[in-house]
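S.K.: Just dropping this structure here.
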Amino acid sequence: MLLLGGTYPLLWLLLPSLVWADEDIEIEVEDSAQTPHAKNVPVEEVPAEVPPPPPAKIDPLTATGLQISGYLQAQYQHNQLSQDELTPDGHPYNQDRFVLRRARLVVERPFDYGNLKLELDANTVDGLQVAPRRVYGSLHLPNPTSAEPFVALTAGLFDIPLGFELQQSTEDRLFMERSLGSRALFPGDADVGAQLHGGLGPLRYQVAVVNGVPLSATASATDVFTQKKTFLGRLGAEVESPDRYTFAGGASFLSGTGFHRGTTATAPQLLWSDANLNGLVSLDELGAIPAQAASPSSTYQQWAVNLDFHGAVRSPIGWTQLFGEATLASNLDRGLFAADPVSTGFDLRELAWNVAAIQDIFDYGAVGFRVDAYNGNSDAFEARRGLFLPVDLSVLTLSPLAMVQFPGFGRLLFQYDYVVDHLGRDVSGEPIDLANDQWTLRAQVGF
Amino acid sequence: MWSLWLLMCCTPPPNLGASEAFRVREGTFFTGELPEDEAATSPVVVYAAGVSYVLTQGQGNIPFSGLASTDAYSVAVAFADSSDGYWVVPVDGPDVTQDSQLLFDLTLDFSRDVVYGPQQLIFVAIDANGKPGPRYETTLCVLPDYADRNFASCDPEVPPQDTILSLSWDNNADLDLVVVAPNGKVVSPLSPSTFLETDPEGTSVGELSRNSNGNCVADGFRLESLIFAEEPPAGTYEVYANLRANCGEGVSHFDLSLYRGITHEEGGFEVEHSQLLTGILLPTQANGGATPGTHLLSLSLP
């Protein structure tokens with residue numbers, strides 16, 4: 001309740017500058033409460049002692065056309081790996097913590113032939129961060145028979161138009177995060193560029209050119225823009241009957257360019273190795289490392305193809321949803337294994353897929369289940385006992401979910417992630433499943 | 001339902017071996033007794049050896065290598081009697097000069113709390129089915145960190161130093177042990193000896209072991225000792241702990257100990273340990289060496 005109660009103070013901290021900035025605007029608004037009464041009473045019959053009607057209450061936001069919304073996701077998460085110890089490279093093992101996952105404030109201004117949107121995010125995923133998540137302007141040719149325009153041109157920071165998950169609203173998504181494969185290939189769900197999209201009848205199309213570096217909360221070594229931009233898009237279809245069913249599906253593609261960092265020139269160094277462990281320097285323990293020349297940076301090709309589907313049917317107990325997608329990619333992992341074919345000497349093949357189902361239980365909750373699988377390098381090998389043996393880097397995650405809805409206010413979600421991988425070692429040194437399951441309890445409120 | 005909740009919330013985390021007497025950098029830690037089968041004939045560890053027989057408490061990056069039979073998949077290693085579990089490393093490739101038996105390498109880091117003195121390190125080869133072979137023992141000896149590589153704990157013929165006054169602390173701050181000897185000499189890292197030219201000939205001299213974390217260069221020792229190899233001159237020693245620089249650290253917890261070497265009349269040696277004082281130093285007490293620091297005690301030695 002503490003989390004829920006904190007929403008409105010947050011809202012009122014953020015809103016005053018937007019609301020009261022428009023106090024001086026003069027707007028002529030017809031008072032619907034007074035007008036019918038005035039029409040039925042002759043002017044001369046109005047008693048002189050009747051006080052003048054109160055001034056009309058004008059919503060400044062309505063007057064400016066701004067639409068403001070927002071939501072907050074606060075959670076507690078637990079991971080089996082957690083303990084109060086550091087990894088060999090100095091990072092904490094502990095992942096048990098409270099997290100402000102998302103606090104979003106969305107300001108939108110629709111026009112007849114366009115749209116402006118600003119979405120700000122605050123979170124504590126990696127320290128306290130406040131950053132824009134979506135900022136774009138859009139010009140469109142509206143379709144009078146559909147919410148989807150015939151054609152729209154959008155520029156700025158927008159959702160990456162590939163597949164289903166990347167474009168699903170984080171406010172509406174019940175599962176805590178995108179599937180592992182989606183997060184590995186796209187560490188962030190937005191990128192900067194321009195997009196042409198629209199629809200004609202049941203057909204939907206999106207074509208975009210972007211920097212090719214998804215913006216995420218944590219920067220990584222692969223966050224380097226290349227001169228060649230990334231082209232991607234989706235062609236799909238969507239049919240729906242309001243309150244009865246909706247079916248959608250599509251095929252997406254991506255063609256981009258990755259960046260391999262070169263090395264800088266080095267200075268000569270003197271190296272001491274305490275070979276006899278006596279703590280003293282002797283001549284035979286000294287070695288020289290000559291200076292090295294810089295090596296040039298280079299680029300490599302990335303591509304991906306994706307198939308997605310989404311279906312929902314309404315029954316007396318609520319909506320039943322089934323959705324999923326599969327992505328086949330090359331050299332595109334930027335979040336988990338950081339694919340770099342220049343270093344490995346061969347192209348890396350990635351395969352990600354997920355299937356999920358959600359069943360609403362009237363208006364008071366839902367249950368769901370998702371299966372997602374990801375293999376960041378289908379051709380991985382490792383040396384064991386002097387032999388180069390294939391190694392399975394696939395990770396399978398089974399995620400049951402339960403949600404309690406508080407209509408008009410918020411919801412409470414619980415998700416358990418049963419993770420099956422090959423990252424542990426048994427007593428013979430063979431890969432086994434690592435005990436790294438996790439669960440998350442999340443409260444979400446919005447306005 | 002409750003059991004499911006307990007499973008999710010309260011399952012103890014895996015033991016990473018971080019608090020063990022030693023850690024193996026390439027290894028995975030397993031709790032429980034070291035598996036071994038003395039009756040088995042394979043897999044076996046043919047040999048295992050380190051670079052040096054002697055090491056010091058807290059010393060790291062100690063390479064060990066060895067050879068295991070061709071049916072070995074991994075090698076487990078543990079101390080004979082002081083481990084809560086054992087470390088496992090997979091074997092490497094074959095040594096074609098040794099009938100293609102399999103090489104293995106591991107790098108050990110010994111904690112500062114490892115028991116000093118001779119220790120038995122046990123290696124056991126494990127096959128593809130997790131079945132262990134017989135043990136292979138190798139001996140090493142751990143020197144106490146306060147004794148500045150005195151071999152008394154490893155060689156019974158070597159006597160321990162007579163007196164050691166040792167200051168240790170728990171972070172990377174630049175603390176200094178400062179002692180004013182009875183002859184008036186101020187012993188500190190800048191002047192690391194009790195020797196004065198005016199001392200009578202034959203006077204025992206005490207020397208400071210090191211300037212730990214000097215100039216905020218973290219060395220991991222966090223310990224300075226004033227060591228008298230022979231009986232120190234009688235008198236009162238004024239002992240100070242000086243926080244020269246806190247090096248961005250927080251509160252420093254320190255420990256002052258006295259070690260006295262005792263020679264038994266019937267032969268043999270013993271070291272007597274006395275913890276004299278523990279305390280804390282605040283970052284605001286850092287003085288850059290302008291003063292001797294915080295006076296801890298006056299130590300009278302006979």
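Letters A, B, ... mark the chains of the structure tokens in the order given; residue numbers begin at 1 per chain; ligand numbers begin at 1, in order shown.
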May I ask you to extract the residues of chain A within 9 Å of chain B, using only C-alpha atoms, and to give them as a PyMOL selection string?
M.R.: chain A and resi 78-83+85-86+88+275-278+383-387+416+424-430+435+437-439
S.K.: Determine, counting only C-alpha atoms, which protein, DNA and RNA residues have an atom within 12 Å of an atom of Asp162 (chain B); residues of the same chain fewer than 5 positions away are not included. Present the result as a PyMOL selection string.
M.R.: chain B and resi 147+150+152+204-206+226-233+258-263+269-273+301
S.K.: For CA of Phe221 (chain B) and CA of Thr236 (chain B), determine how far apart the two atoms are, in Å to one decimal place.
M.R.: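 The value is 27.6 Å.
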S.K.: By how many Å are CA of Asp308 (chain A) and CA of Gly365 (chain A) apart?
M.R.: 25.6 Å
S.K.: Show which residues sit within 6 Å of Ala265 (chain A), as a ChimeraX atom specification. Count only C-alpha atoms, and ignore same-chain residues fewer than 6 positions away.
M.R.: /A:292-294
S.K.: Please write the residues from the selection above to a file, keeping N, CA and C atoms, as a PDB file, in the first residue's frame.
M.R.:
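Contents of the output file again.pdb:
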ATOM      1  N   GLN A 292      53.185  -2.088 -28.688  1.00  0.00           N
ATOM      2  CA  GLN A 292      52.391  -2.664 -29.769  1.00  0.00           C
ATOM      3  C   GLN A 292      51.736  -1.548 -30.577  1.00  0.00           C
ATOM      4  N   ALA A 293      51.677  -1.755 -31.882  1.00  0.00           N
ATOM      5  CA  ALA A 293      51.017  -0.778 -32.747  1.00  0.00           C
ATOM      6  C   ALA A 293      49.502  -0.884 -32.583  1.00  0.00           C
ATOM      7  N   ALA A 294      48.830   0.182 -32.908  1.00  0.00           N
ATOM      8  CA  ALA A 294      47.367   0.165 -32.867  1.00  0.00           C
ATOM      9  C   ALA A 294      46.835  -0.737 -33.965  1.00  0.00           C
TER      10      ALA A 294
END
S.K.: What is the CA of Arg178 (chain A)-CA of Ser399 (chain A) distance in Å, reported with one decimal?
M.R.: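 Atom-to-atom, CA of Arg178 (chain A) and CA of Ser399 (chain A) are spaced 11.5 Å apart.
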S.K.: Need the shell around Ser209 (chain B): protein/DNA/RNA residues with any atom at most 9 Å away, counting only C-alpha atoms. Skip same-chain ones fewer than 3 positions apart. Format as a VMD selection string?
M.R.: chain B and resid 146 to 148 189 192 212 223 to 227
S.K.: Please provide the set of residues having any atom within 12 Å of Leu140 (chain B), restricted to only C-alpha atoms, with same-chain residues fewer than 3 positions apart removed, written as a list in words.
M.R.: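 Here the answer would be Ala48, Ala49, Gly50, Val51, Ser52, Tyr53, Val54, Leu55, Thr56, Ile62, Phe64, Phe79, Ala80, Phe110, Val115, Tyr116, Gly117, Pro118, Gln119, Gln120, Leu121, Ile122, Glu137, Leu143, Ser153, Cys154 and Asp155 of chain B.
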S.K.: Output C-alpha atoms of each residue in that selection to a file, as a PDB file, in the first residue's frame.
M.R.:
ATOM      1  CA  ALA B  48      50.668 -32.788  -8.701  1.00  0.00           C
ATOM      2  CA  ALA B  49      53.083 -30.113  -7.582  1.00  0.00           C
ATOM      3  CA  GLY B  50      53.366 -26.413  -6.950  1.00  0.00           C
ATOM      4  CA  VAL B  51      56.201 -24.033  -7.644  1.00  0.00           C
ATOM      5  CA  SER B  52      57.186 -23.693  -4.010  1.00  0.00           C
ATOM      6  CA  TYR B  53      56.889 -25.765  -0.860  1.00  0.00           C
ATOM      7  CA  VAL B  54      56.557 -22.641   1.246  1.00  0.00           C
ATOM      8  CA  LEU B  55      53.963 -19.905   1.007  1.00  0.00           C
ATOM      9  CA  THR B  56      52.569 -17.234   3.286  1.00  0.00           C
ATOM     10  CA  ILE B  62      50.093 -19.940  -6.551  1.00  0.00           C
ATOM     11  CA  PHE B  64      49.927 -25.946  -9.307  1.00  0.00           C
ATOM     12  CA  PHE B  79      43.120 -29.725   2.414  1.00  0.00           C
ATOM     13  CA  ALA B  80      43.313 -32.971   4.333  1.00  0.00           C
ATOM     14  CA  PHE B 110      45.311 -18.774   0.172  1.00  0.00           C
ATOM     15  CA  VAL B 115      46.200 -22.378   9.409  1.00  0.00           C
ATOM     16  CA  TYR B 116      49.933 -21.937   9.250  1.00  0.00           C
ATOM     17  CA  GLY B 117      52.370 -24.797   9.430  1.00  0.00           C
ATOM     18  CA  PRO B 118      52.671 -27.953   7.292  1.00  0.00           C
ATOM     19  CA  GLN B 119      49.523 -28.871   5.345  1.00  0.00           C
ATOM     20  CA  GLN B 120      48.520 -31.868   3.261  1.00  0.00           C
ATOM     21  CA  LEU B 121      46.930 -30.964  -0.068  1.00  0.00           C
ATOM     22  CA  ILE B 122      44.875 -33.859  -1.470  1.00  0.00           C
ATOM     23  CA  GLU B 137      48.948 -36.189  -1.378  1.00  0.00           C
ATOM     24  CA  LEU B 143      54.089 -19.275   7.026  1.00  0.00           C
ATOM     25  CA  SER B 153      56.457 -22.877  11.597  1.00  0.00           C
ATOM     26  CA  CYS B 154      57.738 -25.080   8.759  1.00  0.00           C
ATOM     27  CA  ASP B 155      61.137 -26.216   9.985  1.00  0.00           C
TER      28      ASP B 155
END
S.K.: So that I can check the surroundings of Leu190 (chain B), please list as a ChimeraX atom specification every protein, DNA and RNA residue that reaches within 10 Å of it, counting only C-alpha atoms and ignoring chain neighbours fewer than 4 positions away.
M.R.: /B:176,178,186,208,211,289
S.K.: Identify which of the residues A:Ala248, A:Ala291, A:Leu162, A:Ala366 lies closest to Ala326 (chain A), counting only C-alpha atoms when measuring atom-to-atom distances.
M.R.: A:Leu162
S.K.: So that I can check the secondary structure, give me every residue of region 341-409 of chain A assigned helix (DSSP H, G or I) by backbone DSSP, as a count of residues only.
M.R.: 4
S.K.: Could you please write out, as a count of residues only, every residue of region 73-258 of chain B that DSSP assigns to strand (DSSP E or B)?
M.R.: 92
